[in-house]
Each structure stands twice: as C-alpha cells, then as structure tokens.
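Chemist: For reference, this is input18.cif, and it has mmCIF, C-alpha atoms.
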```cif
data_model
#
loop_
_atom_site.group_PDB
_atom_site.id
_atom_site.type_symbol
_atom_site.label_atom_id
_atom_site.label_comp_id
_atom_site.auth_asym_id
_atom_site.auth_seq_id
_atom_site.Cartn_x
_atom_site.Cartn_y
_atom_site.Cartn_z
ATOM 1 C CA MET A 219 90.186 86.080 151.388
ATOM 2 C CA LYS A 220 90.380 89.867 151.339
ATOM 3 C CA LYS A 221 94.161 89.713 150.782
ATOM 4 C CA ALA A 222 93.768 87.292 147.872
ATOM 5 C CA ALA A 223 91.159 89.549 146.287
ATOM 6 C CA THR A 224 93.488 92.532 146.639
ATOM 7 C CA VAL A 225 96.383 90.654 145.007
ATOM 8 C CA PHE A 226 94.109 89.535 142.162
ATOM 9 C CA SER A 227 92.912 93.109 141.615
ATOM 10 C CA VAL A 228 96.487 94.404 141.449
ATOM 11 C CA LEU A 229 97.494 91.771 138.892
ATOM 12 C CA VAL A 230 94.419 92.448 136.752
ATOM 13 C CA LEU A 231 95.177 96.167 136.841
ATOM 14 C CA THR A 232 98.806 95.494 135.893
ATOM 15 C CA PHE A 233 97.902 93.367 132.892
ATOM 16 C CA GLY A 234 95.235 95.853 131.909
ATOM 17 C CA LEU A 235 97.720 98.718 131.895
ATOM 18 C CA CYS A 236 100.308 96.708 129.972
ATOM 19 C CA GLY A 237 98.050 95.024 127.482
ATOM 20 C CA VAL A 238 95.456 97.566 126.454
ATOM 21 C CA ALA A 239 96.268 99.399 123.246
ATOM 22 C CA GLY A 240 96.820 103.081 123.905
ATOM 23 C CA ALA A 241 99.223 105.506 122.308
ATOM 24 C CA TYR A 242 102.923 105.876 121.573
ATOM 25 C CA THR A 243 104.988 109.063 121.666
ATOM 26 C CA PHE A 244 107.526 109.594 118.876
ATOM 27 C CA GLU A 245 110.461 111.960 119.207
ATOM 28 C CA LEU A 246 112.620 112.958 116.246
ATOM 29 C CA GLY A 247 116.320 113.729 116.288
ATOM 30 C CA SER A 248 118.332 115.802 113.851
ATOM 31 C CA LEU A 249 121.922 114.569 114.174
ATOM 32 C CA SER A 250 121.587 111.781 111.597
ATOM 33 C CA SER A 251 118.653 113.076 109.565
ATOM 34 C CA LEU A 252 119.662 113.912 105.996
ATOM 35 C CA VAL A 253 118.939 113.545 102.292
ATOM 36 C CA PHE A 254 121.895 111.995 100.442
ATOM 37 C CA VAL A 255 122.077 113.209 96.831
ATOM 38 C CA GLY A 256 125.604 112.048 95.938
ATOM 39 C CA ASP A 257 124.313 109.407 93.530
ATOM 40 C CA THR A 258 122.832 112.142 91.293
ATOM 41 C CA ASP A 259 126.269 113.571 90.422
ATOM 42 C CA THR A 260 126.338 111.887 87.006
ATOM 43 C CA VAL A 261 122.730 112.817 86.073
ATOM 44 C CA LEU A 262 120.702 115.936 86.902
ATOM 45 C CA GLU A 263 122.458 116.923 90.105
ATOM 46 C CA MET A 264 120.042 117.419 92.997
ATOM 47 C CA ASP A 265 120.627 119.548 96.063
ATOM 48 C CA VAL A 266 119.198 119.861 99.579
ATOM 49 C CA LEU A 267 118.519 123.537 100.124
ATOM 50 C CA GLU A 268 117.200 123.077 103.645
ATOM 51 C CA LEU A 269 116.727 120.304 106.173
ATOM 52 C CA ASN A 270 114.007 121.259 108.644
ATOM 53 C CA PRO A 271 115.980 122.944 111.471
ATOM 54 C CA GLY A 272 113.245 122.097 113.973
ATOM 55 C CA LEU A 273 113.351 118.324 113.501
ATOM 56 C CA ASP A 274 114.772 117.644 116.970
ATOM 57 C CA ALA A 275 111.803 119.500 118.477
ATOM 58 C CA GLU A 276 109.232 117.331 116.687
ATOM 59 C CA SER A 277 107.353 115.170 119.196
ATOM 60 C CA PHE A 278 103.932 113.623 118.643
ATOM 61 C CA THR A 279 101.713 110.951 120.164
ATOM 62 C CA LEU A 280 99.806 108.545 117.930
ATOM 63 C CA GLY A 281 97.196 105.908 118.526
ATOM 64 C CA VAL A 282 97.102 102.819 116.331
ATOM 65 C CA GLY A 283 96.050 103.858 112.830
ATOM 66 C CA GLU A 284 96.777 107.554 113.381
ATOM 67 C CA SER A 285 99.254 109.611 111.319
ATOM 68 C CA TYR A 286 101.341 112.757 111.747
ATOM 69 C CA THR A 287 102.856 114.826 108.915
ATOM 70 C CA PHE A 288 105.724 117.303 109.230
ATOM 71 C CA HIS A 289 108.099 119.253 106.964
ATOM 72 C CA PHE A 290 111.313 117.300 106.353
ATOM 73 C CA ALA A 291 113.364 119.077 103.683
ATOM 74 C CA THR A 292 113.402 121.464 100.733
ATOM 75 C CA ILE A 293 115.135 120.146 97.619
ATOM 76 C CA GLY A 294 116.059 121.419 94.159
ATOM 77 C CA THR A 295 118.834 121.143 91.572
ATOM 78 C CA THR A 296 122.207 122.853 91.303
ATOM 79 C CA GLU A 297 121.975 122.914 87.504
ATOM 80 C CA SER A 298 120.531 125.671 85.337
ATOM 81 C CA TRP A 299 119.751 123.593 82.249
ATOM 82 C CA VAL A 300 118.549 120.067 81.495
ATOM 83 C CA ASN A 301 120.664 118.410 78.809
ATOM 84 C CA PRO A 302 118.902 115.283 77.520
ATOM 85 C CA GLY A 303 121.968 114.324 75.499
ATOM 86 C CA GLU A 304 124.135 114.413 78.632
ATOM 87 C CA ASP A 305 122.100 112.027 80.788
ATOM 88 C CA ASP A 306 120.234 114.737 82.730
ATOM 89 C CA THR A 307 116.971 112.953 81.961
ATOM 90 C CA ASN A 308 118.264 109.628 83.310
ATOM 91 C CA PRO A 309 117.147 108.509 86.784
ATOM 92 C CA GLY A 310 119.238 109.308 89.857
ATOM 93 C CA LYS A 311 119.070 107.909 93.384
ATOM 94 C CA LEU A 312 118.381 109.805 96.600
ATOM 95 C CA ILE A 313 118.282 108.412 100.134
ATOM 96 C CA ALA A 314 116.442 110.208 102.936
ATOM 97 C CA THR A 315 117.342 109.161 106.476
ATOM 98 C CA LEU A 316 115.080 109.983 109.395
ATOM 99 C CA ASP A 317 116.637 109.933 112.860
ATOM 100 C CA PHE A 318 114.339 109.074 115.773
ATOM 101 C CA ASP A 319 115.229 109.565 119.435
ATOM 102 C CA ASN A 320 112.153 107.569 120.468
ATOM 103 C CA PRO A 321 112.172 104.823 119.390
ATOM 104 C CA ASP A 322 115.957 104.996 119.151
ATOM 105 C CA LEU A 323 116.575 104.172 115.486
ATOM 106 C CA GLU A 324 117.305 105.520 112.022
ATOM 107 C CA GLU A 325 115.380 104.576 108.891
ATOM 108 C CA GLY A 326 116.080 105.294 105.234
ATOM 109 C CA VAL A 327 113.668 105.913 102.369
ATOM 110 C CA VAL A 328 114.922 105.577 98.781
ATOM 111 C CA GLY A 329 113.887 108.012 96.075
ATOM 112 C CA THR A 330 114.397 108.418 92.325
ATOM 113 C CA SER A 331 115.068 111.755 90.614
ATOM 114 C CA LEU A 332 114.497 112.504 86.945
ATOM 115 C CA GLY A 333 115.283 115.603 84.904
ATOM 116 C CA VAL A 334 112.523 116.876 82.610
ATOM 117 C CA SER A 335 112.871 118.775 79.320
ATOM 118 C CA LEU A 336 109.721 119.477 77.273
ATOM 119 C CA PHE A 337 108.833 121.440 74.119
ATOM 120 C CA PHE A 338 112.414 121.615 72.828
ATOM 121 C CA GLY A 339 113.721 122.684 76.222
ATOM 122 C CA THR A 340 111.394 125.610 76.792
ATOM 123 C CA VAL A 341 109.879 123.863 79.841
ATOM 124 C CA GLN A 342 112.408 122.326 82.196
ATOM 125 C CA GLY A 343 112.276 120.762 85.623
ATOM 126 C CA TRP A 344 112.603 117.595 87.640
ATOM 127 C CA ASP A 345 110.649 114.964 89.581
ATOM 128 C CA VAL A 346 111.537 113.088 92.765
ATOM 129 C CA THR A 347 109.506 109.976 93.588
ATOM 130 C CA TRP A 348 109.934 108.187 96.919
ATOM 131 C CA GLU A 349 109.430 104.494 97.535
ATOM 132 C CA GLY A 350 107.186 103.395 100.324
ATOM 133 C CA PRO A 351 105.583 103.598 102.678
ATOM 134 C CA VAL A 352 108.472 101.944 104.522
ATOM 135 C CA GLU A 353 107.428 99.810 107.505
ATOM 136 C CA VAL A 354 109.617 99.827 110.620
ATOM 137 C CA SER A 355 109.474 97.309 113.499
ATOM 138 C CA PHE A 356 110.507 98.394 116.988
ATOM 139 C CA GLY A 357 110.148 97.357 120.622
ATOM 140 C CA ASP A 358 107.988 94.342 121.460
ATOM 141 C CA GLY A 359 105.729 94.044 118.443
ATOM 142 C CA GLY A 360 105.601 97.753 117.655
ATOM 143 C CA LYS A 361 105.404 98.824 114.020
ATOM 144 C CA PHE A 362 105.055 102.122 112.182
ATOM 145 C CA SER A 363 105.397 103.349 108.614
ATOM 146 C CA ILE A 364 107.176 106.301 107.030
ATOM 147 C CA SER A 365 106.160 107.858 103.735
ATOM 148 C CA LEU A 366 107.629 110.916 102.013
ATOM 149 C CA SER A 367 105.762 113.243 99.686
ATOM 150 C CA ASN A 368 106.926 113.316 96.078
ATOM 151 C CA ALA A 369 108.441 116.570 94.849
ATOM 152 C CA SER A 370 108.608 118.247 91.427
ATOM 153 C CA TYR A 371 109.251 121.521 89.632
ATOM 154 C CA ARG A 372 108.524 122.943 86.176
ATOM 155 C CA GLY A 373 109.974 126.236 84.979
ATOM 156 C CA LEU A 374 110.506 128.272 81.823
ATOM 157 C CA LEU A 375 113.966 127.626 80.330
ATOM 158 C CA SER A 376 115.378 126.499 83.692
ATOM 159 C CA PRO A 377 114.941 123.637 86.205
ATOM 160 C CA ALA A 378 116.284 125.766 89.077
ATOM 161 C CA GLY A 379 113.247 125.685 91.362
ATOM 162 C CA THR A 380 112.505 124.038 94.689
ATOM 163 C CA ASP A 381 109.827 121.927 96.310
ATOM 164 C CA CYS A 382 109.148 120.689 99.840
ATOM 165 C CA VAL A 383 109.305 117.096 101.035
ATOM 166 C CA ASP A 384 106.965 116.207 103.897
ATOM 167 C CA ALA A 385 107.219 113.062 106.015
ATOM 168 C CA THR A 386 104.239 111.152 107.383
ATOM 169 C CA VAL A 387 104.538 108.697 110.276
ATOM 170 C CA THR A 388 101.687 106.230 110.866
ATOM 171 C CA LEU A 389 101.496 103.950 113.920
ATOM 172 C CA ILE A 390 100.551 100.446 112.776
ATOM 173 C CA ALA A 391 100.954 98.544 116.061
ATOM 174 C CA GLU A 392 101.880 99.672 119.552
ATOM 175 C CA PRO A 393 104.679 97.784 121.348
ATOM 176 C CA VAL A 394 103.329 95.508 124.094
ATOM 177 C CA PRO A 395 105.488 94.745 127.160
ATOM 178 C CA LEU A 396 106.507 91.136 127.650
ATOM 179 C CA PRO A 397 104.286 89.105 130.073
ATOM 180 C CA GLY A 398 107.298 88.671 132.346
ATOM 181 C CA ALA A 399 107.560 92.418 132.744
ATOM 182 C CA ALA A 400 103.883 92.586 133.682
ATOM 183 C CA TRP A 401 104.332 89.862 136.315
ATOM 184 C CA LEU A 402 107.362 91.675 137.697
ATOM 185 C CA LEU A 403 105.433 94.930 137.939
ATOM 186 C CA GLY A 404 102.479 93.208 139.581
ATOM 187 C CA SER A 405 104.693 91.390 142.070
ATOM 188 C CA GLY A 406 106.413 94.643 142.955
ATOM 189 C CA LEU A 407 103.079 96.344 143.602
ATOM 190 C CA VAL A 408 101.925 93.481 145.822
ATOM 191 C CA PHE A 409 105.192 93.624 147.764
ATOM 192 C CA LEU A 410 104.875 97.375 148.282
ATOM 193 C CA MET A 411 101.292 96.998 149.492
ATOM 194 C CA GLY A 412 102.364 94.360 152.011
ATOM 195 C CA ALA A 413 105.300 96.452 153.214
ATOM 196 C CA ALA A 414 103.080 99.499 153.666
ATOM 197 C CA ARG A 415 100.550 97.440 155.651
ATOM 198 C CA ARG A 416 103.263 96.088 157.967
ATOM 199 C CA PHE A 417 104.684 99.596 158.434
ATOM 200 C CA ARG A 418 101.270 100.940 159.525
ATOM 201 C CA ARG A 419 101.030 98.210 162.189
#
```
Write out the structure in this file as structure tokens.
Modeler:
Amino acid sequence: MKKAATVFSVLVLTFGLCGVAGAYTFELGSLSSLVFVGDTDTVLEMDVLELNPGLDAESFTLGVGESYTFHFATIGTTESWVNPGEDDTNPGKLIATLDFDNPDLEEGVVGTSLGVSLFFGTVQGWDVTWEGPVEVSFGDGGKFSISLSNASYRGLLSPAGTDCVDATVTLIAEPVPLPGAAWLLGSGLVFLMGAARRFRR
C-alpha cells in the first residue's frame, strides 16, 4: 500500500510540474535579425542606421500575459528631399525579421513607409507603420505575439532624421508537454526510486 501511494505521489507531482502554467524564457539571436528596406528603392528610400548590436544578449522570462520591450533598430532615410512629383510620398514596404534562439524560429513583421511633405515642402519627413501584433505558434500549444513601435520624423526642409523601433514580445500561451512525455518522466522517476531502494538493501 505504501509503495502504491509513493508511485501515485510521484505521478501527481510529474503531471503537476508539466501541466501547471508557469513561465517561458525567450532568447534572441542576431544572425538573421534585420530590417529589409529594398522595396523602398522606387519611393522615399529608407535606411537602417543601426540594428541593436546587443540583440543576441537579450534574454527574458515571461509569464502568460506578460510583455517585454527592447530596442530593435534605428531607421531613417537616405534622401535629403521629399519629391511628391517623383513618388516619394507613395507607400513603400519594409520587412523586419526577428531571430529567436529560443524558441528556435524567425518571424517577420511587415511595415509601410510614407514620405511626408507639408507647407510647400518646408516641413519634410516620413512615417513607418508596422502591421500587427503578429501572433506566433511554437512548441506544444505555445503562442506569443510580436509588435513593433511605429516610427516617424519631421524636419525643416529635410527628411533626413532618425527614429527608434522597439519590439514588444507578449506570451499568450505557454507550451505544455505532451501527456506521453509526462508519463515517461513519471515512469522514469518510479524506476529510479525502485533501483535506489534495491541498492540500499
């Protein structure tokens, strides 16, 4: 009876550890992280002045419903003047890709750029608006979202200014191990307990 109670306790503990919602640790990479601006070549040409050099050191643990925000990139334009008659005020397309080491995946967020010329060109600038938040599924039922902060600049007689883009990761659902994995872990613990008992005898 005592042995059966011990086995039951181990299995309950195993399922409790595997099934109770806790936290998930994200780790970012930098090898594939980028902001692609090539599709703005025919409109107001955008530029990435800096991609956060510390991205691969970003690591954070989130509970369900919690968020973490970090600097992703600094963007601007390579042009010194907005020409409405030359399509600079037409929309362009940007794609930001975030590389994660944990979970091991890459995810893209699409943005739209737009050149701005006001008051007969005396005020010039640009806007970048990102779609989202983008939801990402991973693991066994895990889900998180990525959103990027919009960026803009207004200047006197020139659009040549910069703005920062921040990324926010929100954990929507924590991955839950498969029941089979829980049974395997529980069985292994029971086996080890039995082996240790026999060894003591």
Chemist: Could you pull the residues within 12 Å of A:Pro321, counting all atoms listed in the file, minus those fewer than 6 positions along the same chain, as an mmCIF file with C-alpha atoms, in the frame of the given file?
Modeler:
```cif
data_model
loop_
_atom_site.group_PDB
_atom_site.id
_atom_site.type_symbol
_atom_site.label_atom_id
_atom_site.label_comp_id
_atom_site.auth_asym_id
_atom_site.auth_seq_id
_atom_site.Cartn_x
_atom_site.Cartn_y
_atom_site.Cartn_z
ATOM 1 C CA TYR A 242 102.923 105.876 121.573
ATOM 2 C CA THR A 243 104.988 109.063 121.666
ATOM 3 C CA PHE A 244 107.526 109.594 118.876
ATOM 4 C CA GLU A 245 110.461 111.960 119.207
ATOM 5 C CA LEU A 246 112.620 112.958 116.246
ATOM 6 C CA GLY A 247 116.320 113.729 116.288
ATOM 7 C CA SER A 277 107.353 115.170 119.196
ATOM 8 C CA VAL A 354 109.617 99.827 110.620
ATOM 9 C CA SER A 355 109.474 97.309 113.499
ATOM 10 C CA PHE A 356 110.507 98.394 116.988
ATOM 11 C CA GLY A 357 110.148 97.357 120.622
ATOM 12 C CA ASP A 358 107.988 94.342 121.460
ATOM 13 C CA GLY A 360 105.601 97.753 117.655
ATOM 14 C CA LYS A 361 105.404 98.824 114.020
ATOM 15 C CA PHE A 362 105.055 102.122 112.182
ATOM 16 C CA GLU A 392 101.880 99.672 119.552
ATOM 17 C CA PRO A 393 104.679 97.784 121.348
#
```
Chemist: Please expand the PyMOL selection byres ((chain A and resi 367) around 12) into the concrete residues it hits in this file, giving the result as a PyMOL selection string.
Modeler: chain A and resi 287-293+314+327-329+345-351+364-366+368-370+381-387
Chemist: Write out as a PyMOL selection string each polymer residue whose atoms come within 8 Å of A:Asn301, counting all atoms listed in the file; drop sequence neighbours fewer than 5 positions from it.
Modeler: chain A and resi 306-307+335
Chemist: Please list as a PyMOL selection string every residue within 10 Å of A:Gly379, counting all atoms listed in the file and excluding residues in the same chain fewer than 6 positions away.
Modeler: chain A and resi 293-298+342-344+370-373
Chemist: So, with all atoms listed in the file as the atoms that count, which of A:Ala391, A:Ile313, A:Leu252, A:Val261 lies closest to A:Val300?
Modeler: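 Of all the options, A:Val261 lies closest to A:Val300.
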Chemist: Give me the residues within 7 Å of A:Glu284 as a compact mmCIF listing (two decimals) with C-alpha atoms, in the frame of the given file, counting only C-alpha atoms and dropping any in the same chain fewer than 3 places off.
Modeler:
```txt
# COMPACT_ATOMS: atom_id res chain seq x y z
CA LEU A 280 99.81 108.54 117.93
CA GLY A 281 97.20 105.91 118.53
CA THR A 388 101.69 106.23 110.87
CA LEU A 389 101.50 103.95 113.92
```
Chemist: Using all atoms listed in the file, can you tell me which of A:Ile390, A:Val266, A:Val341, A:Val255 comes closest to A:Lys311?
Modeler: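 For A:Lys311, the nearest of the given residues is A:Val255.
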Chemist: List as a list in words the residues having at least one atom at most 8 Å from position (123.6, 116.9, 99.1) as given in the file, counting only C-alpha atoms.
Modeler: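 These residues have at least one counted atom within 8 Å: Val253, Phe254, Val255, Gly256, Met264, Asp265 and Val266 of chain A.
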Chemist: Identify which of the residues A:Val282, A:Leu332, A:Leu249, A:Leu273 lies closest to A:Leu312, counting all atoms listed in the file when measuring atom-to-atom distances.
Modeler: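 The shortest atom-to-atom distance to A:Leu312 comes from A:Leu332.
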Chemist: Check which residues satisfy the PyMOL selection byres ((chain A and resi 340) around 6) in the file shown, then give them as a list in words.
Modeler: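 That expression, the PyMOL selection byres ((chain A and resi 340) around 6), corresponds here to Phe337, Phe338, Gly339, Val341, Leu374 and Leu375 of chain A.
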Chemist: What does the structure give for the distance between atom CA of A:Leu267 and atom CA of A:Glu325, in Å to one decimal?
Modeler: 21.1 Å
